[in-house]
$ cat data_16.pdb   # PDB, C-alpha atoms
ATOM      1  CA  MET I   1     108.470 -18.536  44.290
ATOM      2  CA  LEU I   2     105.394 -18.847  46.464
ATOM      3  CA  CYS I   3     102.638 -16.250  46.140
ATOM      4  CA  ILE I   4     100.326 -15.830  49.111
ATOM      5  CA  LEU I   5      96.916 -14.308  48.416
ATOM      6  CA  PRO I   6      94.266 -13.376  50.962
ATOM      7  CA  ARG I   7      91.621 -16.046  51.534
ATOM      8  CA  SER I   8      88.765 -13.818  50.373
ATOM      9  CA  LEU I   9      90.117 -13.472  46.837
ATOM     10  CA  PRO I  10      90.047 -16.267  44.300
ATOM     11  CA  ILE I  11      93.390 -17.105  42.718
ATOM     12  CA  HIS I  12      92.404 -15.660  39.329
ATOM     13  CA  ALA I  13      91.173 -12.281  40.639
ATOM     14  CA  ALA I  14      93.127  -9.102  41.233
ATOM     15  CA  PRO I  15      92.179  -7.127  44.373
ATOM     16  CA  PHE I  16      89.863  -4.658  42.579
ATOM     17  CA  ASP I  17      89.296  -6.433  39.290
ATOM     18  CA  THR I  18      85.694  -5.858  38.195
ATOM     19  CA  SER I  19      85.867  -8.434  35.411
ATOM     20  CA  SER I  20      86.093 -11.397  37.779
ATOM     21  CA  PRO I  21      82.943 -13.387  38.525
ATOM     22  CA  ARG I  22      83.186 -12.939  42.291
ATOM     23  CA  ASP I  23      80.480 -11.267  44.321
ATOM     24  CA  ALA I  24      80.467  -7.451  44.422
ATOM     25  CA  THR I  25      79.944  -7.435  48.179
ATOM     26  CA  ASP I  26      83.571  -8.475  48.785
ATOM     27  CA  ARG I  27      84.743  -4.832  48.581
ATOM     28  CA  THR I  28      81.848  -3.211  50.404
ATOM     29  CA  ILE I  29      81.454  -1.872  53.895
ATOM     30  CA  PRO I  30      80.135  -4.618  56.174
ATOM     31  CA  PHE I  31      76.364  -4.637  56.632
ATOM     32  CA  TYR I  32      76.557  -4.444  60.405
ATOM     33  CA  SER I  33      78.258  -1.032  60.182
ATOM     34  CA  HIS I  34      75.038   0.464  58.813
ATOM     35  CA  GLN I  35      73.169  -0.962  61.772
ATOM     36  CA  ALA I  36      75.821   0.454  64.091
ATOM     37  CA  ILE I  37      75.381   3.935  62.591
ATOM     38  CA  VAL I  38      71.656   3.888  63.296
ATOM     39  CA  GLY I  39      72.108   2.298  66.730
ATOM     40  CA  VAL I  40      74.776   4.716  67.930
ATOM     41  CA  HIS I  41      72.861   7.776  66.730
ATOM     42  CA  TRP I  42      69.660   6.448  68.299
ATOM     43  CA  LEU I  43      71.352   6.004  71.672
ATOM     44  CA  LEU I  44      73.041   9.404  71.560
ATOM     45  CA  THR I  45      69.770  11.075  70.538
ATOM     46  CA  VAL I  46      67.935   9.446  73.437
ATOM     47  CA  TRP I  47      70.610  10.632  75.847
ATOM     48  CA  GLY I  48      70.675  14.075  74.213
ATOM     49  CA  CYS I  49      66.940  14.521  74.741
ATOM     50  CA  MET I  50      67.096  13.734  78.465
ATOM     51  CA  ALA I  51      67.492  17.238  79.823
ATOM     52  CA  TRP I  52      67.462  20.255  77.602
ATOM     53  CA  LEU I  53      66.640  19.820  73.941
ATOM     54  CA  PRO I  54      63.101  20.434  72.664
ATOM     55  CA  SER I  55      60.820  17.862  71.085
ATOM     56  CA  SER I  56      61.645  19.188  67.599
ATOM     57  CA  PHE I  57      65.194  17.847  68.052
ATOM     58  CA  ALA I  58      63.814  14.427  68.946
ATOM     59  CA  TRP I  59      61.256  14.379  66.125
ATOM     60  CA  GLY I  60      63.810  15.405  63.522
ATOM     61  CA  ASN I  61      66.488  12.944  64.546
ATOM     62  CA  PHE I  62      64.194   9.991  65.247
ATOM     63  CA  SER I  63      62.379  10.402  61.925
ATOM     64  CA  VAL I  64      65.714  10.362  60.080
ATOM     65  CA  LEU I  65      66.737   7.279  62.061
ATOM     66  CA  ALA I  66      63.443   5.628  61.061
ATOM     67  CA  VAL I  67      64.424   6.219  57.428
ATOM     68  CA  GLY I  68      67.768   4.623  58.321
ATOM     69  CA  VAL I  69      65.944   1.538  59.563
ATOM     70  CA  TRP I  70      64.048   1.509  56.261
ATOM     71  CA  ALA I  71      67.377   1.693  54.394
ATOM     72  CA  ILE I  72      68.688  -1.260  56.412
ATOM     73  CA  ALA I  73      65.525  -3.323  55.887
ATOM     74  CA  HIS I  74      65.420  -2.742  52.116
ATOM     75  CA  ARG I  75      68.956  -3.566  51.076
ATOM     76  CA  ASP I  76      68.340  -2.880  47.383
ATOM     77  CA  SER I  77      66.602   0.494  47.740
ATOM     78  CA  VAL I  78      68.649   3.427  46.488
ATOM     79  CA  ASP I  79      65.879   5.865  47.405
ATOM     80  CA  ALA I  80      65.896   4.877  51.076
ATOM     81  CA  VAL I  81      69.642   5.415  51.354
ATOM     82  CA  LEU I  82      69.484   8.741  49.510
ATOM     83  CA  LEU I  83      66.684   9.949  51.776
ATOM     84  CA  PHE I  84      68.670   8.806  54.828
ATOM     85  CA  LEU I  85      71.741  10.677  53.563
ATOM     86  CA  VAL I  86      69.791  13.869  52.909
ATOM     87  CA  GLY I  87      68.107  13.588  56.299
ATOM     88  CA  MET I  88      71.439  13.135  58.082
ATOM     89  CA  THR I  89      72.899  16.204  56.381
ATOM     90  CA  VAL I  90      69.826  18.289  57.214
ATOM     91  CA  THR I  91      69.953  17.215  60.868
ATOM     92  CA  ILE I  92      73.554  18.445  61.069
ATOM     93  CA  LEU I  93      72.260  21.948  60.370
ATOM     94  CA  THR I  94      69.182  21.665  62.578
ATOM     95  CA  ASP I  95      71.232  20.250  65.464
ATOM     96  CA  MET I  96      73.547  23.254  65.319
ATOM     97  CA  ILE I  97      70.537  25.578  65.349
ATOM     98  CA  HIS I  98      69.050  23.753  68.334
ATOM     99  CA  PHE I  99      72.325  23.938  70.233
ATOM    100  CA  GLY I 100      72.689  27.634  69.498
ATOM    101  CA  ILE I 101      69.192  28.470  70.695
ATOM    102  CA  TYR I 102      68.789  26.159  73.682
ATOM    103  CA  TYR I 103      72.300  25.828  75.145
ATOM    104  CA  SER I 104      71.861  28.917  77.327
ATOM    105  CA  LEU I 105      69.202  27.068  79.357
ATOM    106  CA  SER I 106      71.995  25.418  81.347
ATOM    107  CA  GLU I 107      72.371  28.555  83.468
ATOM    108  CA  LEU I 108      68.841  28.042  84.810
ATOM    109  CA  ALA I 109      69.476  24.477  86.005
ATOM    110  CA  SER I 110      70.130  23.591  89.639
ATOM    111  CA  GLU I 111      73.411  22.004  90.757
ATOM    112  CA  LYS I 112      71.979  18.458  90.460
ATOM    113  CA  GLY I 113      70.357  19.306  87.131
ATOM    114  CA  ARG I 114      73.659  20.585  85.762
ATOM    115  CA  ASP I 115      75.163  17.098  85.836
ATOM    116  CA  VAL I 116      72.264  15.709  83.834
ATOM    117  CA  PHE I 117      72.524  18.685  81.490
ATOM    118  CA  ARG I 118      76.255  18.104  80.960
ATOM    119  CA  PHE I 119      75.711  14.426  80.181
ATOM    120  CA  SER I 120      72.827  15.192  77.834
ATOM    121  CA  ALA I 121      74.757  17.985  76.111
ATOM    122  CA  ALA I 122      77.831  15.776  75.706
ATOM    123  CA  ALA I 123      75.750  13.008  74.113
ATOM    124  CA  ALA I 124      74.036  15.428  71.712
ATOM    125  CA  ILE I 125      77.313  17.117  70.766
ATOM    126  CA  LEU I 126      79.013  13.736  70.251
ATOM    127  CA  SER I 127      76.143  12.736  67.967
ATOM    128  CA  LEU I 128      76.643  15.940  65.992
ATOM    129  CA  LEU I 129      80.386  15.343  65.720
ATOM    130  CA  LEU I 130      79.849  11.770  64.467
ATOM    131  CA  LYS I 131      77.288  12.746  61.814
ATOM    132  CA  PRO I 132      79.768  13.809  59.083
ATOM    133  CA  ALA I 133      81.545  10.448  59.357
ATOM    134  CA  SER I 134      78.176   8.700  59.339
ATOM    135  CA  CYS I 135      77.208  10.660  56.231
ATOM    136  CA  PHE I 136      80.396   9.458  54.556
ATOM    137  CA  PHE I 137      79.541   5.812  55.287
ATOM    138  CA  VAL I 138      75.925   6.309  54.200
ATOM    139  CA  TYR I 139      77.210   7.881  50.967
ATOM    140  CA  GLN I 140      79.369   4.795  50.444
ATOM    141  CA  MET I 141      76.264   2.671  50.974
ATOM    142  CA  TYR I 142      74.450   4.839  48.406
ATOM    143  CA  ARG I 143      77.225   4.274  45.848
ATOM    144  CA  GLU I 144      77.270   0.523  46.532
ATOM    145  CA  ARG I 145      73.568   0.275  45.832
ATOM    146  CA  GLY I 146      73.956   1.869  42.428
ATOM    147  CA  GLY I 147      73.415   5.545  43.172
ATOM    148  CA  ASP I 148      74.942   8.188  40.936
ATOM    149  CA  TYR I 149      78.169   9.840  42.001
ATOM    150  CA  ASN I 150      76.798  13.322  41.400
ATOM    151  CA  ILE I 151      73.443  15.017  41.325
ATOM    152  CA  ASN I 152      72.768  16.975  38.158
ATOM    153  CA  PHE I 153      69.877  19.392  37.801
ATOM    154  CA  ASP I 154      69.868  19.792  34.020
ATOM    155  CA  LEU I 155      67.377  22.640  33.689
ATOM    156  CA  GLU I 156      68.444  23.710  30.202
ATOM    157  CA  THR I 157      67.730  20.309  28.630
ATOM    158  CA  SER I 158      64.378  19.971  30.350
ATOM    159  CA  MET I 159      63.265  23.409  29.142
ATOM    160  CA  ASP I 160      64.408  22.729  25.585
ATOM    161  CA  SER I 161      62.713  19.330  25.459
ATOM    162  CA  ARG I 162      59.274  20.892  26.002
ATOM    163  CA  CYS I 163      59.671  23.170  22.998
ATOM    164  CA  THR I 164      61.047  20.846  20.339
ATOM    165  CA  THR I 165      59.112  20.654  17.099
ATOM    166  CA  ASP I 166      59.837  19.387  13.616
ATOM    167  CA  SER I 167      59.240  22.718  11.931
ATOM    168  CA  ALA I 168      61.924  25.396  11.926
ATOM    169  CA  ASP I 169      59.210  28.026  11.383
ATOM    170  CA  SER I 170      57.692  27.327  14.769
ATOM    171  CA  ALA I 171      56.932  30.199  17.130
ATOM    172  CA  PHE I 172      58.696  28.414  19.963
ATOM    173  CA  VAL I 173      62.193  28.622  18.439
ATOM    174  CA  GLY I 174      64.407  30.866  20.514
ATOM    175  CA  ARG I 175      61.694  31.545  23.059
ATOM    176  CA  ARG I 176      62.254  30.616  26.709
ATOM    177  CA  TYR I 177      59.651  30.179  29.391
TER     178      TYR I 177
END
$ encode --input "data_16.pdb" --output "structure tokens"
Amino acid sequence: MLCILPRSLPIHAAPFDTSSPRDATDRTIPFYSHQAIVGVHWLLTVWGCMAWLPSSFAWGNFSVLAVGVWAIAHRDSVDAVLLFLVGMTVTILTDMIHFGIYYSLSELASEKGRDVFRFSAAAAILSLLLKPASCFFVYQMYRERGGDYNINFDLETSMDSRCTTDSADSAFVGRRY
């Protein structure tokens, strides 16, 4: 019986076997997809800023994309990817606020200006619709670089660690700040 394995896997390795000595990048999202995320969002943001959105939209999105470039340049940095992910999720909310406030300006545009407005609005809305998928891929990049799967704000342990003493007769026992 002949067994045919894909060329990328060595003969001794199972498809998702972590004990094999092969490189961990075999199962990851290709590097060029991260560049495509930044490039597509940059282009759509440029087109979205052509007609109707304020400079705060441009500053917010371009600064997050600059962090994305930082995350691409420093392939081992978990902090850059986490900051890019947080920035992308925040811009989802701010983009919706911008659209809600400034979309009514289309009624003031002339007939020729309406075509530019429609193109600009379509690009900005497409960028907003693509951001959740981009956040998913950036989260995958965060996990690949060694980021935690969850974020835990352990406030109880941090408060208790300030008050620990060796003596049971201490005045701090049972007292919270």
$ resolve_selection --input "data_16.pdb" --expression "the PyMOL selection byres ((chain I and resi 99) around 10)" --output "PyMOL selection string"
chain I and resi 52-53+57+94-98+100-104+121+124-125
$ residues_near_point --input "data_16.pdb" --point "(70.8, 19.8, 81.7)" --cutoff "7 Å" --atoms "only C-alpha atoms" --output "ChimeraX atom specification"
/I:51-52,106,109,113-118,120
$ atom_distance --input "data_16.pdb" --atom1 "atom CA of Ser56 of chain I" --atom2 "atom CA of His41 of chain I"
16.0 Å
$ resolve_selection --input "data_16.pdb" --expression "the PyMOL selection byres ((chain I and resi 61-70) around 10)" --output "JSON, numbers by chain"
{"I": [34, 35, 37, 38, 39, 41, 42, 45, 46, 55, 56, 57, 58, 59, 60, 71, 72, 73, 74, 75, 77, 80, 81, 82, 83, 84, 85, 86, 87, 88, 89, 90, 91, 92, 94, 95, 138]}
$ atom_distance --input "data_16.pdb" --atom1 "atom CA of Met50 of chain I" --atom2 "atom CA of Phe137 of chain I"
27.5 Å
$ atom_distance --input "data_16.pdb" --atom1 "atom CA of Val78 of chain I" --atom2 "atom CA of Arg145 of chain I"
5.9 Å
$ axis_aligned_box --input "data_16.pdb" --around "segment 55-70 of chain I" --padding-each-side "3 Å" --output "JSON"
{"center_x": 64.3, "center_y": 10.3, "center_z": 63.7, "size_x": 12.9, "size_y": 23.7, "size_z": 20.8}
